[in-house]
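Colleague: This is protein-v4.txt, which holds compact mmCIF, C-alpha atoms (C1' of nucleotides):
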```
# COMPACT_ATOMS: atom_id res chain seq x y z
CA MET A 1 -21.49 7.62 -11.59
CA MET A 2 -17.93 6.97 -10.56
CA SER A 3 -15.87 8.44 -7.77
CA GLU A 4 -12.59 10.24 -8.07
CA PHE A 5 -11.20 8.41 -5.06
CA ASP A 6 -8.25 6.22 -5.99
CA LEU A 7 -7.67 3.36 -3.59
CA GLU A 8 -4.36 2.58 -5.27
CA ALA A 9 -3.06 5.93 -4.05
CA PHE A 10 -4.42 5.66 -0.51
CA LEU A 11 -1.45 5.51 1.81
CA PRO A 12 -2.75 2.91 4.30
CA TYR A 13 -3.64 0.63 1.40
CA ARG A 14 -0.31 1.02 -0.36
CA LEU A 15 1.62 0.48 2.85
CA ALA A 16 -0.35 -2.64 3.69
CA ARG A 17 0.22 -4.15 0.27
CA ALA A 18 3.90 -3.28 0.31
CA SER A 19 4.29 -4.72 3.76
CA ASP A 20 2.58 -7.95 2.77
CA ALA A 21 4.76 -8.26 -0.30
CA ILE A 22 7.99 -7.61 1.58
CA SER A 23 7.06 -9.86 4.49
CA ALA A 24 5.92 -12.79 2.38
CA GLY A 25 9.34 -13.85 1.19
CA PHE A 26 10.91 -14.06 4.60
CA ALA A 27 7.79 -15.55 6.14
CA THR A 28 8.18 -18.47 3.78
CA ILE A 29 11.56 -19.19 5.32
CA TYR A 30 10.57 -19.34 8.95
CA ARG A 31 7.28 -21.01 8.19
CA GLU A 32 8.45 -23.76 5.88
CA ARG A 33 11.87 -24.42 7.34
CA TYR A 34 11.03 -24.09 11.03
CA ASN A 35 7.25 -24.26 11.12
CA MET A 36 7.16 -20.92 12.90
CA THR A 37 4.55 -18.18 12.91
CA ARG A 38 5.31 -14.49 12.74
CA PRO A 39 4.77 -13.91 16.47
CA GLU A 40 7.17 -16.76 17.18
CA TRP A 41 9.85 -15.40 14.88
CA ARG A 42 9.50 -11.94 16.38
CA THR A 43 9.72 -13.27 19.91
CA LEU A 44 12.80 -15.29 19.06
CA ALA A 45 14.43 -12.33 17.34
CA LEU A 46 13.74 -9.98 20.23
CA LEU A 47 15.11 -12.42 22.77
CA GLY A 48 18.14 -12.82 20.55
CA ALA A 49 18.64 -9.07 20.41
CA PHE A 50 18.13 -8.33 24.10
CA GLY A 51 19.28 -11.50 25.80
CA HIS A 52 16.37 -11.67 28.19
CA LEU A 53 12.99 -9.99 28.32
CA THR A 54 9.61 -10.45 29.97
CA ALA A 55 6.44 -11.10 28.00
CA THR A 56 5.25 -7.57 28.66
CA GLU A 57 8.47 -6.11 27.33
CA ILE A 58 8.18 -8.19 24.18
CA SER A 59 4.62 -7.03 23.76
CA ARG A 60 5.53 -3.38 24.16
CA ARG A 61 8.58 -3.50 21.90
CA SER A 62 6.88 -5.41 19.10
CA ALA A 63 3.38 -3.94 19.34
CA MET A 64 2.05 -7.50 19.47
CA HIS A 65 -1.02 -8.22 21.55
CA LYS A 66 -0.14 -9.88 24.83
CA THR A 67 -2.09 -13.01 23.97
CA LYS A 68 -0.01 -13.38 20.83
CA VAL A 69 3.13 -13.13 22.90
CA SER A 70 1.80 -15.56 25.49
CA ARG A 71 1.07 -18.16 22.83
CA ALA A 72 4.33 -17.61 21.01
CA VAL A 73 6.27 -18.04 24.23
CA GLN A 74 4.38 -21.19 25.03
CA SER A 75 5.11 -22.62 21.61
CA LEU A 76 8.80 -21.75 21.72
CA GLU A 77 9.06 -23.23 25.19
CA GLU A 78 7.45 -26.48 24.06
CA ARG A 79 10.10 -26.80 21.37
CA GLY A 80 12.81 -26.23 23.93
CA TRP A 81 13.97 -22.96 22.40
CA LEU A 82 13.42 -20.77 25.44
CA THR A 83 13.20 -21.06 29.20
CA ARG A 84 11.29 -19.07 31.78
CA SER A 85 12.71 -18.08 35.12
CA ALA A 86 11.11 -16.38 38.07
CA ASP A 87 11.79 -12.84 39.07
CA ASP A 88 13.16 -12.21 42.54
CA GLY A 89 10.74 -9.93 44.24
CA ASP A 90 7.86 -9.99 41.77
CA ARG A 91 6.43 -13.43 41.30
CA ARG A 92 4.11 -12.34 38.51
CA VAL A 93 7.01 -11.71 36.18
CA GLU A 94 8.77 -14.32 34.07
CA HIS A 95 12.15 -13.69 32.53
CA LEU A 96 12.52 -15.33 29.16
CA GLU A 97 15.79 -16.50 27.65
CA LEU A 98 16.82 -18.55 24.66
CA THR A 99 18.26 -22.01 25.22
CA ALA A 100 21.25 -23.29 23.30
CA GLY A 101 18.82 -24.78 20.80
CA GLY A 102 17.01 -21.47 20.58
CA TRP A 103 20.26 -19.67 19.87
CA ALA A 104 21.07 -22.12 17.11
CA ILE A 105 17.75 -21.47 15.36
CA HIS A 106 18.20 -17.78 15.96
CA ALA A 107 21.62 -17.82 14.31
CA GLU A 108 20.24 -19.57 11.25
CA LEU A 109 17.25 -17.28 10.96
CA THR A 110 19.17 -14.04 11.41
CA GLU A 111 21.63 -15.21 8.81
CA ASN A 112 18.71 -15.70 6.47
CA ALA A 113 17.27 -12.35 7.47
CA ARG A 114 20.48 -10.57 6.60
CA ALA A 115 20.65 -12.31 3.26
CA TYR A 116 17.03 -11.47 2.59
CA GLU A 117 17.56 -7.83 3.36
CA GLY A 118 20.68 -7.71 1.21
CA ASP A 119 18.67 -9.13 -1.64
CA LEU A 120 15.98 -6.51 -1.10
CA ARG A 121 18.56 -3.74 -1.17
CA GLN A 122 19.90 -5.17 -4.38
CA ARG A 123 16.52 -5.35 -6.05
CA LEU A 124 15.02 -2.09 -4.85
CA GLY A 125 18.16 0.00 -5.01
CA ALA A 126 19.94 1.90 -2.27
CA ASP A 127 18.08 5.13 -3.00
CA ALA A 128 14.67 3.54 -2.71
CA ILE A 129 15.64 1.84 0.54
CA ALA A 130 16.93 5.11 1.96
CA ALA A 131 13.75 6.93 1.00
CA LEU A 132 11.63 4.19 2.50
CA LEU A 133 13.60 4.24 5.73
CA SER A 134 13.27 7.98 6.13
CA GLY A 135 9.52 7.65 5.63
CA LEU A 136 9.38 4.92 8.23
CA ASP A 137 11.41 7.07 10.60
CA ALA A 138 8.77 9.77 10.32
CA ILE A 139 5.97 7.33 11.04
CA GLU A 140 7.73 5.98 14.08
CA ALA A 141 8.54 9.46 15.34
CA ASP A 142 4.90 10.47 14.94
CA ARG A 143 3.83 7.31 16.71
CA ALA A 144 6.18 8.05 19.59
CA HIS A 145 5.11 11.52 20.62
CA ASP A 146 1.36 11.32 20.17
CA MET B 1 26.02 -14.42 24.11
CA MET B 2 24.05 -11.85 22.24
CA SER B 3 23.55 -11.39 18.54
CA GLU B 4 24.28 -8.31 16.51
CA PHE B 5 21.03 -8.71 14.58
CA ASP B 6 18.69 -5.80 15.21
CA LEU B 7 15.06 -6.65 14.62
CA GLU B 8 14.15 -2.98 14.94
CA ALA B 9 16.12 -2.29 11.78
CA PHE B 10 14.81 -5.25 9.78
CA LEU B 11 12.85 -3.85 6.88
CA PRO B 12 9.95 -6.33 6.83
CA TYR B 13 9.44 -5.78 10.54
CA ARG B 14 9.57 -1.99 10.31
CA LEU B 15 7.20 -1.96 7.36
CA ALA B 16 4.73 -4.24 9.10
CA ARG B 17 4.67 -2.11 12.21
CA ALA B 18 4.34 1.11 10.25
CA SER B 19 1.56 -0.36 8.17
CA ASP B 20 -0.32 -1.51 11.24
CA ALA B 21 0.03 1.90 12.84
CA ILE B 22 -1.12 3.78 9.76
CA SER B 23 -3.99 1.42 9.05
CA ALA B 24 -5.31 1.35 12.58
CA GLY B 25 -6.71 4.87 12.58
CA PHE B 26 -8.76 4.50 9.45
CA ALA B 27 -9.79 0.95 10.33
CA THR B 28 -11.46 2.36 13.41
CA ILE B 29 -13.69 4.44 11.19
CA TYR B 30 -15.04 1.73 8.91
CA ARG B 31 -15.19 -0.78 11.72
CA GLU B 32 -16.96 1.27 14.35
CA ARG B 33 -19.13 3.45 12.16
CA TYR B 34 -20.12 0.86 9.54
CA ASN B 35 -19.20 -2.44 11.13
CA MET B 36 -17.03 -3.28 8.14
CA THR B 37 -13.90 -5.40 7.86
CA ARG B 38 -10.86 -4.47 5.82
CA PRO B 39 -11.72 -6.81 2.94
CA GLU B 40 -15.17 -5.25 2.82
CA TRP B 41 -13.84 -1.72 2.75
CA ARG B 42 -11.36 -2.61 0.04
CA THR B 43 -14.01 -4.28 -2.06
CA LEU B 44 -16.31 -1.31 -1.69
CA ALA B 45 -13.53 1.11 -2.56
CA LEU B 46 -12.47 -0.83 -5.63
CA LEU B 47 -16.02 -1.08 -6.91
CA GLY B 48 -16.35 2.64 -6.32
CA ALA B 49 -13.21 3.32 -8.29
CA PHE B 50 -13.93 1.04 -11.23
CA GLY B 51 -17.71 0.97 -11.43
CA HIS B 52 -17.96 -2.75 -11.92
CA LEU B 53 -15.57 -5.63 -11.42
CA THR B 54 -15.65 -9.39 -11.02
CA ALA B 55 -14.49 -11.15 -7.87
CA THR B 56 -11.36 -12.33 -9.64
CA GLU B 57 -10.49 -8.82 -10.73
CA ILE B 58 -10.92 -7.55 -7.18
CA SER B 59 -8.71 -10.33 -5.94
CA ARG B 60 -5.99 -9.58 -8.47
CA ARG B 61 -6.06 -5.82 -7.97
CA SER B 62 -6.07 -5.92 -4.20
CA ALA B 63 -3.87 -8.97 -3.65
CA MET B 64 -6.61 -10.35 -1.41
CA HIS B 65 -7.17 -14.07 -1.39
CA LYS B 66 -10.22 -15.10 -3.37
CA THR B 67 -11.96 -16.51 -0.32
CA LYS B 68 -11.61 -13.16 1.38
CA VAL B 69 -13.19 -11.48 -1.61
CA SER B 70 -15.94 -14.08 -1.79
CA ARG B 71 -16.86 -13.47 1.83
CA ALA B 72 -16.63 -9.71 1.57
CA VAL B 73 -18.89 -9.71 -1.49
CA GLN B 74 -21.40 -11.90 0.29
CA SER B 75 -21.44 -9.60 3.28
CA LEU B 76 -21.81 -6.44 1.20
CA GLU B 77 -24.58 -8.07 -0.78
CA GLU B 78 -26.47 -9.01 2.38
CA ARG B 79 -26.43 -5.38 3.44
CA GLY B 80 -27.76 -4.34 0.08
CA TRP B 81 -24.65 -2.41 -0.88
CA LEU B 82 -23.83 -4.32 -4.04
CA THR B 83 -25.54 -6.46 -6.63
CA ARG B 84 -24.35 -9.32 -8.79
CA SER B 85 -25.25 -9.73 -12.41
CA ALA B 86 -24.54 -12.54 -14.81
CA ASP B 87 -22.07 -12.28 -17.63
CA ASP B 88 -23.35 -12.84 -21.14
CA GLY B 89 -21.37 -15.70 -22.54
CA ASP B 90 -19.59 -16.93 -19.40
CA ARG B 91 -21.93 -18.09 -16.73
CA ARG B 92 -19.14 -18.60 -14.19
CA VAL B 93 -18.48 -14.89 -13.97
CA GLU B 94 -20.41 -12.43 -11.83
CA HIS B 95 -20.24 -8.70 -12.40
CA LEU B 96 -20.39 -6.71 -9.20
CA GLU B 97 -21.74 -3.20 -8.84
CA LEU B 98 -22.59 -0.88 -6.01
CA THR B 99 -26.22 -0.11 -5.31
CA ALA B 100 -27.43 3.38 -4.45
CA GLY B 101 -26.99 2.49 -0.81
CA GLY B 102 -23.49 1.23 -1.53
CA TRP B 103 -22.62 4.47 -3.27
CA ALA B 104 -23.83 6.43 -0.28
CA ILE B 105 -21.58 4.53 2.11
CA HIS B 106 -18.78 4.80 -0.38
CA ALA B 107 -19.11 8.56 -0.54
CA GLU B 108 -18.99 8.87 3.23
CA LEU B 109 -16.02 6.57 3.56
CA THR B 110 -13.96 8.13 0.81
CA GLU B 111 -14.61 11.51 2.32
CA ASN B 112 -13.24 10.18 5.58
CA ALA B 113 -10.33 8.58 3.76
CA ARG B 114 -9.36 11.88 2.20
CA ALA B 115 -9.53 13.62 5.52
CA TYR B 116 -7.49 10.89 7.13
CA GLU B 117 -4.80 11.14 4.50
CA GLY B 118 -4.71 14.91 4.79
CA ASP B 119 -4.21 14.55 8.49
CA LEU B 120 -1.38 12.09 7.90
CA ARG B 121 0.31 14.48 5.49
CA GLN B 122 0.01 17.18 8.11
CA ARG B 123 1.50 15.09 10.87
CA LEU B 124 4.27 13.36 8.95
CA GLY B 125 5.23 16.26 6.73
CA ALA B 126 5.25 16.50 2.95
CA ASP B 127 8.88 15.42 2.68
CA ALA B 128 8.37 12.25 4.67
CA ILE B 129 5.29 11.39 2.63
CA ALA B 130 7.14 11.94 -0.62
CA ALA B 131 10.04 9.76 0.52
CA LEU B 132 7.65 7.06 1.62
CA LEU B 133 5.80 7.13 -1.67
CA SER B 134 8.97 6.83 -3.71
CA GLY B 135 9.97 3.83 -1.63
CA LEU B 136 6.57 2.27 -2.16
CA ASP B 137 6.86 2.93 -5.88
CA ALA B 138 10.08 0.94 -5.93
CA ILE B 139 8.47 -1.97 -4.10
CA GLU B 140 5.54 -2.04 -6.46
CA ALA B 141 7.79 -1.78 -9.49
CA ASP B 142 9.87 -4.67 -8.20
CA ARG B 143 6.71 -6.64 -7.52
CA ALA B 144 5.50 -6.03 -11.04
CA HIS B 145 8.41 -7.29 -13.09
CA ASP B 146 9.52 -10.24 -11.03
C1' DA C 1 -3.84 -5.33 58.43
C1' DG C 2 -7.72 -4.58 55.08
C1' DC C 3 -9.68 -3.14 50.81
C1' DG C 4 -9.85 -1.80 46.10
C1' DT C 5 -7.05 -1.16 42.05
C1' DT C 6 -3.54 -2.19 38.97
C1' DC C 7 -0.48 -5.37 36.69
C1' DG C 8 1.71 -9.81 34.48
C1' DG C 9 0.23 -13.51 32.17
C1' DT C 10 -3.26 -17.23 30.64
C1' DT C 11 -7.47 -19.05 28.76
C1' DG C 12 -12.48 -19.48 26.70
C1' DC C 13 -14.97 -17.96 23.10
C1' DA C 14 -16.12 -16.20 18.82
C1' DT C 15 -14.36 -14.50 14.50
C1' DC C 16 -11.12 -14.20 10.74
C1' DG C 17 -8.32 -16.23 7.20
C1' DG C 18 -5.79 -19.67 4.29
C1' DT C 19 -5.62 -24.38 2.25
C1' DA C 20 -7.63 -27.58 -0.18
C1' DA C 21 -11.43 -29.66 -2.15
C1' DC C 22 -15.51 -28.98 -4.63
C1' DG C 23 -19.38 -27.94 -8.42
C1' DA C 24 -20.20 -25.66 -12.40
C1' DT C 25 -18.57 -23.85 -16.56
C1' DC C 26 -15.53 -23.03 -20.35
C1' DA C 27 -11.65 -23.93 -23.79
C1' DG C 28 -8.75 -26.88 -26.58
C1' DG C 29 -7.56 -30.91 -28.84
C1' DT C 30 -9.07 -35.11 -31.06
C1' DA D 1 -19.49 -34.79 -29.61
C1' DC D 2 -16.04 -36.22 -26.08
C1' DC D 3 -12.42 -35.87 -22.86
C1' DT D 4 -8.95 -33.32 -20.33
C1' DG D 5 -7.46 -29.43 -18.05
C1' DA D 6 -8.06 -24.76 -16.64
C1' DT D 7 -11.01 -21.09 -14.50
C1' DC D 8 -14.73 -18.68 -11.46
C1' DG D 9 -16.53 -18.72 -7.29
C1' DT D 10 -18.05 -21.18 -2.83
C1' DT D 11 -17.48 -23.94 1.21
C1' DA D 12 -15.56 -27.27 5.03
C1' DC D 13 -12.01 -27.55 7.92
C1' DC D 14 -8.58 -25.96 10.85
C1' DG D 15 -5.12 -22.77 12.60
C1' DA D 16 -4.44 -17.93 14.03
C1' DT D 17 -6.09 -13.93 16.56
C1' DG D 18 -8.57 -10.42 19.35
C1' DC D 19 -11.59 -9.51 23.20
C1' DA D 20 -12.97 -10.13 27.58
C1' DA D 21 -12.87 -12.52 31.64
C1' DC D 22 -9.98 -14.51 34.74
C1' DC D 23 -6.12 -15.81 38.47
C1' DG D 24 -2.57 -14.67 41.34
C1' DA D 25 0.42 -11.14 42.86
C1' DA D 26 1.73 -6.41 43.94
C1' DC D 27 0.62 -1.72 45.07
C1' DG D 28 -1.70 2.30 47.31
C1' DC D 29 -4.50 4.13 50.42
C1' DT D 30 -6.52 4.37 54.91
```
Show me the file's structure as structure tokens.
Modeller:
Amino acid sequence: MMSEFDLEAFLPYRLARASDAISAGFATIYRERYNMTRPEWRTLALLGAFGHLTATEISRRSAMHKTKVSRAVQSLEERGWLTRSADDGDRRVEHLELTAGGWAIHAELTENARAYEGDLRQRLGADAIAALLSGLDAIEADRAHD
Amino acid sequence: MMSEFDLEAFLPYRLARASDAISAGFATIYRERYNMTRPEWRTLALLGAFGHLTATEISRRSAMHKTKVSRAVQSLEERGWLTRSADDGDRRVEHLELTAGGWAIHAELTENARAYEGDLRQRLGADAIAALLSGLDAIEADRAHD
DNA sequence: AGCGTTCGGTTGCATCGGTAACGATCAGGT
DNA sequence: ACCTGATCGTTACCGATGCAACCGAACGCT
């Protein structure tokens, strides 16, 4: 006997496969060209966008587990791409900032990211992108007020 | 200096976060109630949908790496939820099928999956779901003819 | 001040997952 | 039949990751 349940239509499954497919192309860039992992790329990008953040802020904004952030920060620091500085008043907190070298990598990667997204828009079509974005908006809105 | 690149708007990033959020709820079910991993759930679901498949077919259909499939099959077999049978003519191939026990778990999980998806539709709204699905269609279509 | 709790961040441990190599089998050409 | 290359599936190795425990610091309460 066979079930009528169709995995191919199950939303979590479709989203996961789509996400993997869309992420794979750009992951190749930061992995092969800069030997970076996804947590490292995200950390770099967030620091680039906000100028300076703490590890906790990166964790909250990116939904990455704090150990992931901790290890990504450590790795980026070892390559000389970010620096830590102490907080006045709360010695538990570390403020993270990109170094000049970090900014250089960031500039190259964001340039690639823009190109990658432009290519996606080209291949999927503006309508499909718009539909996708409105769906993602709904998910994020739901996530926010639960 | 700060960059104008906004990670929060980068499609691969948004998709990955949305996928994680949507998957997390259902993952809790198969993980906590049945101690299953995602590859195991996917394998079970595919076998439920198609009746019998080989490991290679599961790998191709699900985009899971063949080692993931191999380990998931092994685990499901150890629990008595699937059986392997030899192929007539090609002794490399193994045909996989659910056992009665496997079908029972499958029935419970697909029931939960349907409920989960209904709940999602409720919370996100039919319009958002439709938009999301059309975006996913475009990604899969692009994936297909590349 | 003293005590328990919470918080920022790190680390040990066990598990998961991908790469590459492998054994066995099959297919094609000679 | 033989040899080469491709295919199915498994495994060894190693990097990535989550959980829980941990340290030091800050906070709240008395």
Colleague: List as an MDAnalysis selection string the protein and nucleic acid residues near DA25 of chain D, meaning an atom at most 9 Å away when only C-alpha atoms (C1' of nucleotides) are counted, but skip any in the same chain fewer than 3 places from it.
Modeller: (chainID A and resid 90:92) or (chainID C and resid 7:8)
Colleague: May I ask which of the residues C:DA27, C:DG18, C:DA1, C:DT11 is the closest one to chain B, counting all atoms listed in the file?
Modeller: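 Ranked by minimum distance to chain B, first place goes to C:DG18.
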Colleague: Can you tell me how far atom CA of Leu46 of chain B sits from atom CA of Leu15 of chain A, in Å to one decimal?
Modeller: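 Those two atoms sit 16.5 Å apart.
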Colleague: Residues near segment 5-12 of chain D, anyone? I mean within 10 Å using all atoms listed in the file, not counting same-chain ones fewer than 6 positions away, as a PDB file with C-alpha atoms (C1' of nucleotides), in the frame of the given file.
Modeller:
```
ATOM      1  CA  THR B  54     -15.650  -9.390 -11.020  1.00  0.00           C
ATOM      2  CA  ALA B  55     -14.490 -11.150  -7.870  1.00  0.00           C
ATOM      3  CA  THR B  56     -11.360 -12.330  -9.640  1.00  0.00           C
ATOM      4  CA  LYS B  66     -10.220 -15.100  -3.370  1.00  0.00           C
ATOM      5  CA  THR B  67     -11.960 -16.510  -0.320  1.00  0.00           C
ATOM      6  CA  VAL B  69     -13.190 -11.480  -1.610  1.00  0.00           C
ATOM      7  CA  SER B  70     -15.940 -14.080  -1.790  1.00  0.00           C
ATOM      8  CA  ARG B  71     -16.860 -13.470   1.830  1.00  0.00           C
ATOM      9  CA  ASP B  90     -19.590 -16.930 -19.400  1.00  0.00           C
ATOM     10  CA  ARG B  91     -21.930 -18.090 -16.730  1.00  0.00           C
ATOM     11  CA  ARG B  92     -19.140 -18.600 -14.190  1.00  0.00           C
ATOM     12  CA  VAL B  93     -18.480 -14.890 -13.970  1.00  0.00           C
ATOM     13  CA  GLU B  94     -20.410 -12.430 -11.830  1.00  0.00           C
TER      14      GLU B  94
ATOM     15  C1'  DA C  20      -7.630 -27.580  -0.180  1.00  0.00           C
ATOM     16  C1'  DA C  21     -11.430 -29.660  -2.150  1.00  0.00           C
ATOM     17  C1'  DC C  22     -15.510 -28.980  -4.630  1.00  0.00           C
ATOM     18  C1'  DG C  23     -19.380 -27.940  -8.420  1.00  0.00           C
ATOM     19  C1'  DA C  24     -20.200 -25.660 -12.400  1.00  0.00           C
ATOM     20  C1'  DT C  25     -18.570 -23.850 -16.560  1.00  0.00           C
ATOM     21  C1'  DC C  26     -15.530 -23.030 -20.350  1.00  0.00           C
ATOM     22  C1'  DA C  27     -11.650 -23.930 -23.790  1.00  0.00           C
ATOM     23  C1'  DG C  28      -8.750 -26.880 -26.580  1.00  0.00           C
TER      24       DG C  28
END
```
Colleague: From the options A:Glu77, A:Glu4, A:Asp87, A:Glu40, which residue's atoms come nearest to chain C, counting all atoms listed in the file?
Modeller: A:Asp87
Colleague: Please identify every residue of chain B that has at least one atom no more than 8 Å from any atom of chain A, counting all atoms listed in the file, and report them as an NGL selection string.
Modeller: :B and (1-7 or 10-23 or 42 or 45-46 or 48-51 or 62-63 or 107 or 110 or 113 or 117 or 123-124 or 128-136 or 138-140 or 142-143)
Colleague: Please, what distance in Å, to one decimal, runs between atom C1' of DC16 of chain C and atom C1' of DC23 of chain D?
Modeller: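 Atom-to-atom, atom C1' of DC16 of chain C to atom C1' of DC23 of chain D, that is 28.2 Å.
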